>>> print(open('target.txt').read())   # compact mmCIF, C-alpha atoms
# COMPACT_ATOMS: atom_id res chain seq x y z
CA MET A 1110 -20.94 11.09 -8.94
CA ALA A 1111 -19.54 13.89 -11.09
CA GLU A 1112 -17.88 14.60 -14.41
CA SER A 1113 -14.57 15.05 -12.60
CA SER A 1114 -13.43 14.28 -9.07
CA TRP A 1115 -12.27 17.42 -7.32
CA LEU A 1116 -11.71 15.99 -3.85
CA ASP A 1117 -11.03 12.33 -4.80
CA ASP A 1118 -14.37 11.34 -3.27
CA ASP A 1119 -16.53 11.55 -6.39
CA LEU A 1120 -17.14 8.64 -8.75
CA THR A 1121 -16.67 9.73 -12.35
CA PRO A 1122 -18.09 7.87 -15.36
CA GLN A 1123 -14.58 7.02 -16.52
CA MET A 1124 -13.66 5.52 -13.13
CA PHE A 1125 -16.84 3.48 -13.20
CA LYS A 1126 -16.24 2.34 -16.78
CA ASP A 1127 -12.71 1.19 -16.00
CA GLU A 1128 -13.91 -0.92 -13.07
CA LEU A 1129 -16.91 -2.24 -14.99
CA ASN A 1130 -14.72 -3.42 -17.87
CA SER A 1131 -12.15 -5.04 -15.57
CA GLY A 1132 -14.18 -8.24 -15.29
CA SER A 1133 -17.03 -10.18 -16.86
CA GLY A 1134 -20.16 -12.05 -15.89
CA ASP A 1135 -22.99 -10.98 -13.63
CA ILE A 1136 -22.26 -8.07 -11.30
CA THR A 1137 -23.61 -6.47 -8.13
CA VAL A 1138 -23.59 -2.69 -7.77
CA TRP A 1139 -23.86 -1.33 -4.21
CA ILE A 1140 -25.27 2.20 -3.98
CA ASN A 1141 -24.98 4.62 -1.08
CA SER A 1142 -25.01 8.07 -2.63
CA PRO A 1143 -26.89 11.37 -2.16
CA GLY A 1144 -26.67 11.99 -5.89
CA GLY A 1145 -24.68 14.40 -8.02
CA ASP A 1146 -24.33 15.40 -11.64
CA CYS A 1147 -27.32 14.16 -13.66
CA VAL A 1148 -25.22 13.91 -16.84
CA ALA A 1149 -22.64 11.73 -15.12
CA ALA A 1150 -25.49 9.63 -13.69
CA ALA A 1151 -26.94 9.24 -17.20
CA GLN A 1152 -23.60 7.95 -18.49
CA ILE A 1153 -23.31 5.36 -15.69
CA TYR A 1154 -26.95 4.36 -16.20
CA ASN A 1155 -26.27 3.72 -19.89
CA MET A 1156 -23.15 1.65 -19.11
CA LEU A 1157 -25.21 -0.63 -16.86
CA ILE A 1158 -28.08 -0.86 -19.37
CA ASP A 1159 -25.61 -1.91 -22.08
CA TYR A 1160 -23.81 -4.40 -19.85
CA ARG A 1161 -24.20 -7.95 -21.16
CA GLY A 1162 -24.51 -9.71 -17.80
CA ASN A 1163 -27.16 -9.39 -15.12
CA VAL A 1164 -26.87 -6.28 -12.95
CA THR A 1165 -28.08 -6.58 -9.36
CA VAL A 1166 -28.33 -3.20 -7.63
CA LYS A 1167 -28.28 -3.24 -3.84
CA ILE A 1168 -29.09 0.01 -2.02
CA ASP A 1169 -27.58 -0.29 1.44
CA GLY A 1170 -27.77 3.36 2.47
CA ILE A 1171 -29.36 5.95 0.24
CA ALA A 1172 -29.98 6.33 -3.48
CA ALA A 1173 -31.10 9.93 -3.84
CA SER A 1174 -31.48 12.29 -6.75
CA ALA A 1175 -29.14 11.26 -9.60
CA ALA A 1176 -28.15 8.07 -7.74
CA SER A 1177 -31.77 6.90 -7.95
CA VAL A 1178 -31.49 7.10 -11.74
CA ILE A 1179 -28.46 4.80 -11.72
CA ALA A 1180 -30.37 2.33 -9.54
CA MET A 1181 -33.04 2.03 -12.23
CA ALA A 1182 -30.51 0.32 -14.53
CA GLY A 1183 -30.46 -2.79 -12.38
CA THR A 1184 -31.82 -6.03 -13.73
CA ARG A 1185 -32.94 -6.48 -10.13
CA VAL A 1186 -33.02 -3.72 -7.51
CA LEU A 1187 -32.85 -4.70 -3.85
CA MET A 1188 -33.06 -2.34 -0.89
CA SER A 1189 -31.98 -2.75 2.69
CA PRO A 1190 -34.96 -2.54 5.05
CA VAL A 1191 -33.33 0.58 6.54
CA SER A 1192 -32.27 2.27 3.28
CA MET A 1193 -33.93 5.16 1.46
CA LEU A 1194 -34.59 6.17 -2.14
CA MET A 1195 -35.42 9.76 -3.07
CA ILE A 1196 -36.54 11.34 -6.32
CA HIS A 1197 -37.01 15.05 -7.04
CA ASN A 1198 -36.93 17.62 -9.83
CA PRO A 1199 -33.53 18.46 -11.33
CA MET A 1200 -31.87 21.68 -10.20
CA THR A 1201 -29.32 24.07 -11.66
CA MET A 1202 -27.82 27.51 -11.22
CA ALA A 1203 -28.42 30.26 -13.77
CA PHE A 1204 -27.21 33.82 -14.33
CA GLY A 1205 -28.40 36.40 -16.78
CA ASN A 1206 -31.45 38.11 -18.15
CA THR A 1207 -34.96 36.76 -18.55
CA ALA A 1208 -34.04 35.01 -21.77
CA GLU A 1209 -31.21 33.15 -20.06
CA MET A 1210 -33.50 32.22 -17.18
CA GLN A 1211 -36.09 30.89 -19.61
CA LYS A 1212 -33.43 28.77 -21.29
CA ALA A 1213 -32.53 27.30 -17.91
CA ILE A 1214 -36.17 26.54 -17.19
CA ASP A 1215 -36.63 24.84 -20.56
CA MET A 1216 -33.43 22.85 -20.04
CA LEU A 1217 -34.59 21.65 -16.60
CA GLY A 1218 -37.89 20.57 -18.13
CA GLU A 1219 -36.14 18.40 -20.69
CA VAL A 1220 -33.81 16.94 -18.06
CA LYS A 1221 -36.83 16.05 -15.97
CA GLU A 1222 -38.43 14.28 -18.93
CA SER A 1223 -35.27 12.25 -19.52
CA ILE A 1224 -35.18 11.21 -15.86
CA ILE A 1225 -38.84 10.21 -16.02
CA ASN A 1226 -37.91 7.93 -18.95
CA ALA A 1227 -35.70 5.86 -16.63
CA TYR A 1228 -38.29 5.77 -13.84
CA GLU A 1229 -41.08 4.83 -16.26
CA LEU A 1230 -39.14 1.94 -17.78
CA LYS A 1231 -38.46 0.50 -14.32
CA THR A 1232 -41.74 1.09 -12.51
CA GLY A 1233 -44.38 1.12 -15.23
CA LEU A 1234 -46.01 4.10 -13.53
CA SER A 1235 -47.59 6.85 -15.61
CA ARG A 1236 -45.46 9.88 -16.48
CA GLY A 1237 -47.97 12.12 -14.75
CA LYS A 1238 -47.68 10.26 -11.45
CA LEU A 1239 -43.90 10.15 -11.67
CA SER A 1240 -43.84 13.89 -12.36
CA ARG A 1241 -45.95 14.55 -9.27
CA LEU A 1242 -43.71 12.33 -7.14
CA MET A 1243 -40.70 14.34 -8.32
CA ASP A 1244 -42.49 17.65 -7.69
CA ALA A 1245 -43.13 16.56 -4.09
CA GLU A 1246 -39.49 15.41 -3.55
CA THR A 1247 -40.61 11.91 -2.57
CA TRP A 1248 -38.62 9.92 -0.02
CA MET A 1249 -39.25 6.19 -0.09
CA ASN A 1250 -38.38 3.49 2.40
CA ALA A 1251 -37.88 -0.05 1.12
CA ASN A 1252 -41.56 -1.00 1.41
CA MET A 1253 -42.79 2.09 -0.41
CA ALA A 1254 -40.18 1.69 -3.15
CA LEU A 1255 -41.21 -1.94 -3.56
CA GLU A 1256 -44.90 -0.99 -3.73
CA LEU A 1257 -44.28 1.68 -6.38
CA GLY A 1258 -42.00 -0.51 -8.46
CA PHE A 1259 -38.70 1.30 -7.86
CA ALA A 1260 -37.38 -1.81 -6.11
CA ASP A 1261 -37.84 -5.52 -6.75
CA GLY A 1262 -37.11 -6.87 -3.28
CA ILE A 1263 -35.82 -6.22 0.22
CA LEU A 1264 -32.48 -7.48 1.45
CA GLN A 1265 -32.82 -10.16 4.12
CA ARG A 1266 -30.48 -12.30 6.18
CA ASP A 1267 -29.69 -15.68 4.65
CA VAL A 1268 -30.97 -18.12 7.30
CA SER A 1269 -30.16 -21.31 5.38
CA THR A 1270 -27.49 -23.20 7.35
CA GLY A 1271 -27.59 -26.57 5.67
CA ASN A 1272 -28.73 -28.21 8.93
CA GLU A 1273 -32.21 -29.08 7.80
CA PRO A 1274 -33.91 -31.72 9.99
CA GLN A 1275 -33.65 -35.25 8.66
CA GLU A 1276 -36.21 -37.99 8.75
CA ALA A 1277 -36.33 -39.92 12.03
CA SER A 1278 -35.36 -43.20 10.36
CA ALA A 1279 -32.38 -41.60 8.70
CA MET A 1280 -31.25 -40.08 12.02
CA ALA A 1281 -31.62 -43.44 13.80
CA TYR A 1282 -29.65 -45.17 11.10
CA SER A 1283 -26.83 -42.64 11.20
CA ARG A 1284 -26.62 -42.83 15.02
CA ALA A 1285 -26.51 -46.64 15.00
CA GLU A 1286 -23.86 -46.57 12.31
CA ALA A 1287 -21.78 -44.05 14.25
CA THR A 1288 -22.09 -46.09 17.46
CA ASN A 1289 -21.01 -49.30 15.75
CA SER A 1290 -18.08 -47.56 14.13
CA LEU A 1291 -17.03 -46.09 17.49
CA MET A 1292 -17.22 -49.46 19.24
CA GLU A 1293 -15.11 -51.07 16.53
CA LYS A 1294 -12.47 -48.37 16.87
CA LEU A 1295 -12.40 -48.70 20.68
CA ALA A 1296 -12.09 -52.47 20.45
CA ALA A 1297 -9.21 -52.19 18.01
CA ARG A 1298 -7.40 -49.56 20.12
CA CYS A 1299 -7.86 -51.50 23.40
CA HIS A 1300 -7.17 -54.89 21.78
CA ILE A 1301 -10.48 -56.26 22.95
CA ALA A 1302 -11.01 -59.67 21.44
CA ALA A 1303 -14.47 -60.68 20.38
CA LYS A 1304 -16.20 -62.85 22.99
CA PRO A 1305 -16.37 -66.43 21.71
CA ALA A 1306 -19.82 -67.82 21.26
CA GLU A 1307 -20.84 -70.35 23.93
CA PRO A 1308 -21.44 -73.89 22.57
CA LYS A 1309 -25.03 -74.99 22.42
CA PRO A 1310 -25.94 -77.93 24.68
CA VAL A 1311 -26.12 -81.30 22.91
CA ILE A 1312 -29.28 -83.27 23.71
CA THR A 1313 -28.98 -87.07 23.53
CA GLU A 1314 -31.38 -89.93 24.21
CA ARG A 1315 -29.52 -90.70 27.47
CA SER A 1316 -30.00 -87.20 28.82
CA VAL A 1317 -33.68 -87.40 27.97
CA SER A 1318 -34.06 -90.73 29.84
CA ALA A 1319 -32.29 -89.29 32.91
CA LEU A 1320 -34.59 -86.28 32.87
CA MET A 1321 -37.71 -88.49 32.72
CA GLU A 1322 -36.50 -90.55 35.71
CA ARG A 1323 -36.09 -87.35 37.79
CA LEU A 1324 -39.57 -86.17 36.85
CA ASN A 1325 -41.05 -89.56 37.97
CA LEU A 1326 -39.27 -89.30 41.33
CA ILE A 1327 -40.71 -85.80 41.85
CA ARG A 1328 -44.24 -87.03 41.08
CA ASN A 1329 -43.98 -89.95 43.56
>>> encode(input="target.txt", output="structure tokens")
Amino acid sequence: MAESSWLDDDLTPQMFKDELNSGSGDITVWINSPGGDCVAAAQIYNMLIDYRGNVTVKIDGIAASAASVIAMAGTRVLMSPVSMLMIHNPMTMAFGNTAEMQKAIDMLGEVKESIINAYELKTGLSRGKLSRLMDAETWMNANMALELGFADGILQRDVSTGNEPQEASAMAYSRAEATNSLMEKLAARCHIAAKPAEPKPVITERSVSALMERLNLIRN
């Protein structure tokens, strides 16, 4: 990100503001940036902090230097398991005498303190520890960022398919219902008439007498 885009590949605060204000509701901000102008990053950070909806930040590549500051504005910060986050001390270029160099040093010190403000609000770490992490130019994978509080979670594949196993009774019922429905459709298509029920035999006193006579003959 930068104050102005020289090669049409930089994201300026005005470009970000225009896109941010083009909609409403909760938003997701994807970050894959090596950093840039810390002032431009501060402006974008403030836009996200002031945004009324929830801001989910997803780091899918790298959030380094000034880009790591923008990431801290997320209501929730998620990192890909293969992404990186890097924090370091601010840098500048200076020209002049010792007085000018001292001004540059003092300015960098104040910029560092302002950056620590954003890190402290997100992580809850002490300013001293954050300062040491910046001095060391600390590179963090997703697990380390999660442990230190720079991230709230790690991006994972959504494995829910909606095909959760049903109870056995429910499965049996649905299969029986499907089979009955299929048989009804086949019978209708093939014009299969229902098989008439066979009449039950009628037992009379005469048939009982005849049966008893046969039994007596068998005994004799």
>>> atom_distance(input="target.txt", atom1="atom CA of A:Gln1265", atom2="atom CA of A:Leu1187")
9.7 Å
>>> closest_residue(input="target.txt", among="A:Met1243, A:Val1178, A:Val1166, A:Leu1230", to="A:Asn1198", atoms="all atoms listed in the file")
A:Met1243
>>> residues_around(input="target.txt", residues="A:Ile1214", least_positions_apart="5", cutoff="10 Å", atoms="only C-alpha atoms", output="VMD selection string")
chain A and resid 1200 to 1201 1203 1208 to 1209 1219 to 1220
>>> residues_around(input="target.txt", residues="A:Met1156", least_positions_apart="3", cutoff="9 Å", atoms="all atoms listed in the file", output="PDB file with C-alpha atoms, in the frame of the given file")
ATOM      1  CA  PRO A1122     -18.090   7.870 -15.360  1.00  0.00           C
ATOM      2  CA  PHE A1125     -16.840   3.480 -13.200  1.00  0.00           C
ATOM      3  CA  LYS A1126     -16.240   2.340 -16.780  1.00  0.00           C
ATOM      4  CA  LEU A1129     -16.910  -2.240 -14.990  1.00  0.00           C
ATOM      5  CA  ALA A1151     -26.940   9.240 -17.200  1.00  0.00           C
ATOM      6  CA  GLN A1152     -23.600   7.950 -18.490  1.00  0.00           C
ATOM      7  CA  ILE A1153     -23.310   5.360 -15.690  1.00  0.00           C
ATOM      8  CA  ASP A1159     -25.610  -1.910 -22.080  1.00  0.00           C
ATOM      9  CA  TYR A1160     -23.810  -4.400 -19.850  1.00  0.00           C
ATOM     10  CA  ALA A1182     -30.510   0.320 -14.530  1.00  0.00           C
TER      11      ALA A1182
END
>>> residues_around(input="target.txt", residues="A:Met1253", least_positions_apart="2", cutoff="12 Å", atoms="all atoms listed in the file", output="list in words")
Met1188, Pro1190, Val1191, Ser1192, Met1193, Leu1194, Met1195, Thr1247, Trp1248, Met1249, Asn1250, Ala1251, Leu1255, Glu1256, Leu1257, Gly1258, Phe1259, Ala1260, Asp1261, Gly1262 and Ile1263 of chain A
>>> write_last_selection(input="target.txt", atoms="C-alpha atoms", output="mmCIF file, keeping the file's coordinate frame")
data_model
loop_
_atom_site.group_PDB
_atom_site.id
_atom_site.type_symbol
_atom_site.label_atom_id
_atom_site.label_comp_id
_atom_site.auth_asym_id
_atom_site.auth_seq_id
_atom_site.Cartn_x
_atom_site.Cartn_y
_atom_site.Cartn_z
ATOM 1 C CA MET A 1188 -33.060 -2.340 -0.890
ATOM 2 C CA PRO A 1190 -34.960 -2.540 5.050
ATOM 3 C CA VAL A 1191 -33.330 0.580 6.540
ATOM 4 C CA SER A 1192 -32.270 2.270 3.280
ATOM 5 C CA MET A 1193 -33.930 5.160 1.460
ATOM 6 C CA LEU A 1194 -34.590 6.170 -2.140
ATOM 7 C CA MET A 1195 -35.420 9.760 -3.070
ATOM 8 C CA THR A 1247 -40.610 11.910 -2.570
ATOM 9 C CA TRP A 1248 -38.620 9.920 -0.020
ATOM 10 C CA MET A 1249 -39.250 6.190 -0.090
ATOM 11 C CA ASN A 1250 -38.380 3.490 2.400
ATOM 12 C CA ALA A 1251 -37.880 -0.050 1.120
ATOM 13 C CA LEU A 1255 -41.210 -1.940 -3.560
ATOM 14 C CA GLU A 1256 -44.900 -0.990 -3.730
ATOM 15 C CA LEU A 1257 -44.280 1.680 -6.380
ATOM 16 C CA GLY A 1258 -42.000 -0.510 -8.460
ATOM 17 C CA PHE A 1259 -38.700 1.300 -7.860
ATOM 18 C CA ALA A 1260 -37.380 -1.810 -6.110
ATOM 19 C CA ASP A 1261 -37.840 -5.520 -6.750
ATOM 20 C CA GLY A 1262 -37.110 -6.870 -3.280
ATOM 21 C CA ILE A 1263 -35.820 -6.220 0.220
#
>>> atom_distance(input="target.txt", atom1="atom CA of A:Gly1144", atom2="atom CA of A:Ser1223")
16.1 Å
>>> residues_around(input="target.txt", residues="A:Pro1143", least_positions_apart="4", cutoff="10 Å", atoms="all atoms listed in the file", output="number ranges by chain")
A: 1110, 1170-1177, 1194-1195
>>> closest_residue(input="target.txt", among="A:Met1181, A:Ala1150, A:Val1186, A:Leu1120", to="A:Ile1168", atoms="all atoms listed in the file")
A:Val1186
>>> closest_residue(input="target.txt", among="A:Arg1161, A:Ile1224, A:Met1216, A:Ala1149", to="A:Asn1130", atoms="all atoms listed in the file")
A:Arg1161
>>> atom_distance(input="target.txt", atom1="atom CA of A:Ala1180", atom2="atom CA of A:Ile1136")
13.3 Å
>>> build_atoms(input="target.txt", residues="stretch 1165-1183 of chain A", atoms="N, CA and C atoms", output="mmCIF file, in the frame of the given file")
data_model
loop_
_atom_site.group_PDB
_atom_site.id
_atom_site.type_symbol
_atom_site.label_atom_id
_atom_site.label_comp_id
_atom_site.auth_asym_id
_atom_site.auth_seq_id
_atom_site.Cartn_x
_atom_site.Cartn_y
_atom_site.Cartn_z
ATOM 1 N N THR A 1165 -27.297 -6.662 -10.586
ATOM 2 C CA THR A 1165 -28.080 -6.580 -9.360
ATOM 3 C C THR A 1165 -27.665 -5.330 -8.603
ATOM 4 N N VAL A 1166 -28.598 -4.435 -8.381
ATOM 5 C CA VAL A 1166 -28.330 -3.200 -7.630
ATOM 6 C C VAL A 1166 -28.809 -3.401 -6.199
ATOM 7 N N LYS A 1167 -27.926 -3.135 -5.251
ATOM 8 C CA LYS A 1167 -28.280 -3.240 -3.840
ATOM 9 C C LYS A 1167 -28.066 -1.870 -3.184
ATOM 10 N N ILE A 1168 -29.142 -1.296 -2.683
ATOM 11 C CA ILE A 1168 -29.090 0.010 -2.020
ATOM 12 C C ILE A 1168 -28.973 -0.239 -0.522
ATOM 13 N N ASP A 1169 -27.792 0.001 0.028
ATOM 14 C CA ASP A 1169 -27.580 -0.290 1.440
ATOM 15 C C ASP A 1169 -27.598 0.958 2.307
ATOM 16 N N GLY A 1170 -27.707 2.123 1.704
ATOM 17 C CA GLY A 1170 -27.770 3.360 2.470
ATOM 18 C C GLY A 1170 -28.831 4.268 1.900
ATOM 19 N N ILE A 1171 -28.431 5.037 0.891
ATOM 20 C CA ILE A 1171 -29.360 5.950 0.240
ATOM 21 C C ILE A 1171 -29.056 6.005 -1.247
ATOM 22 N N ALA A 1172 -30.098 6.080 -2.042
ATOM 23 C CA ALA A 1172 -29.980 6.330 -3.480
ATOM 24 C C ALA A 1172 -30.884 7.520 -3.767
ATOM 25 N N ALA A 1173 -30.310 8.714 -3.718
ATOM 26 C CA ALA A 1173 -31.100 9.930 -3.840
ATOM 27 C C ALA A 1173 -30.745 10.670 -5.112
ATOM 28 N N SER A 1174 -31.718 11.414 -5.622
ATOM 29 C CA SER A 1174 -31.480 12.290 -6.750
ATOM 30 C C SER A 1174 -30.902 11.518 -7.937
ATOM 31 N N ALA A 1175 -29.735 11.919 -8.435
ATOM 32 C CA ALA A 1175 -29.140 11.260 -9.600
ATOM 33 C C ALA A 1175 -28.791 9.805 -9.326
ATOM 34 N N ALA A 1176 -28.474 9.463 -8.072
ATOM 35 C CA ALA A 1176 -28.150 8.070 -7.740
ATOM 36 C C ALA A 1176 -29.362 7.167 -7.916
ATOM 37 N N SER A 1177 -30.559 7.713 -7.737
ATOM 38 C CA SER A 1177 -31.770 6.900 -7.950
ATOM 39 C C SER A 1177 -31.922 6.536 -9.413
ATOM 40 N N VAL A 1178 -31.434 7.404 -10.312
ATOM 41 C CA VAL A 1178 -31.490 7.100 -11.740
ATOM 42 C C VAL A 1178 -30.584 5.921 -12.067
ATOM 43 N N ILE A 1179 -29.383 5.913 -11.495
ATOM 44 C CA ILE A 1179 -28.460 4.800 -11.720
ATOM 45 C C ILE A 1179 -29.074 3.499 -11.235
ATOM 46 N N ALA A 1180 -29.755 3.547 -10.099
ATOM 47 C CA ALA A 1180 -30.370 2.330 -9.540
ATOM 48 C C ALA A 1180 -31.367 1.711 -10.504
ATOM 49 N N MET A 1181 -32.025 2.536 -11.306
ATOM 50 C CA MET A 1181 -33.040 2.030 -12.230
ATOM 51 C C MET A 1181 -32.469 1.160 -13.340
ATOM 52 N N ALA A 1182 -31.136 1.141 -13.480
ATOM 53 C CA ALA A 1182 -30.510 0.320 -14.530
ATOM 54 C C ALA A 1182 -30.343 -1.118 -14.100
ATOM 55 N N GLY A 1183 -30.654 -1.434 -12.874
ATOM 56 C CA GLY A 1183 -30.460 -2.790 -12.380
ATOM 57 C C GLY A 1183 -31.440 -3.776 -12.989
#
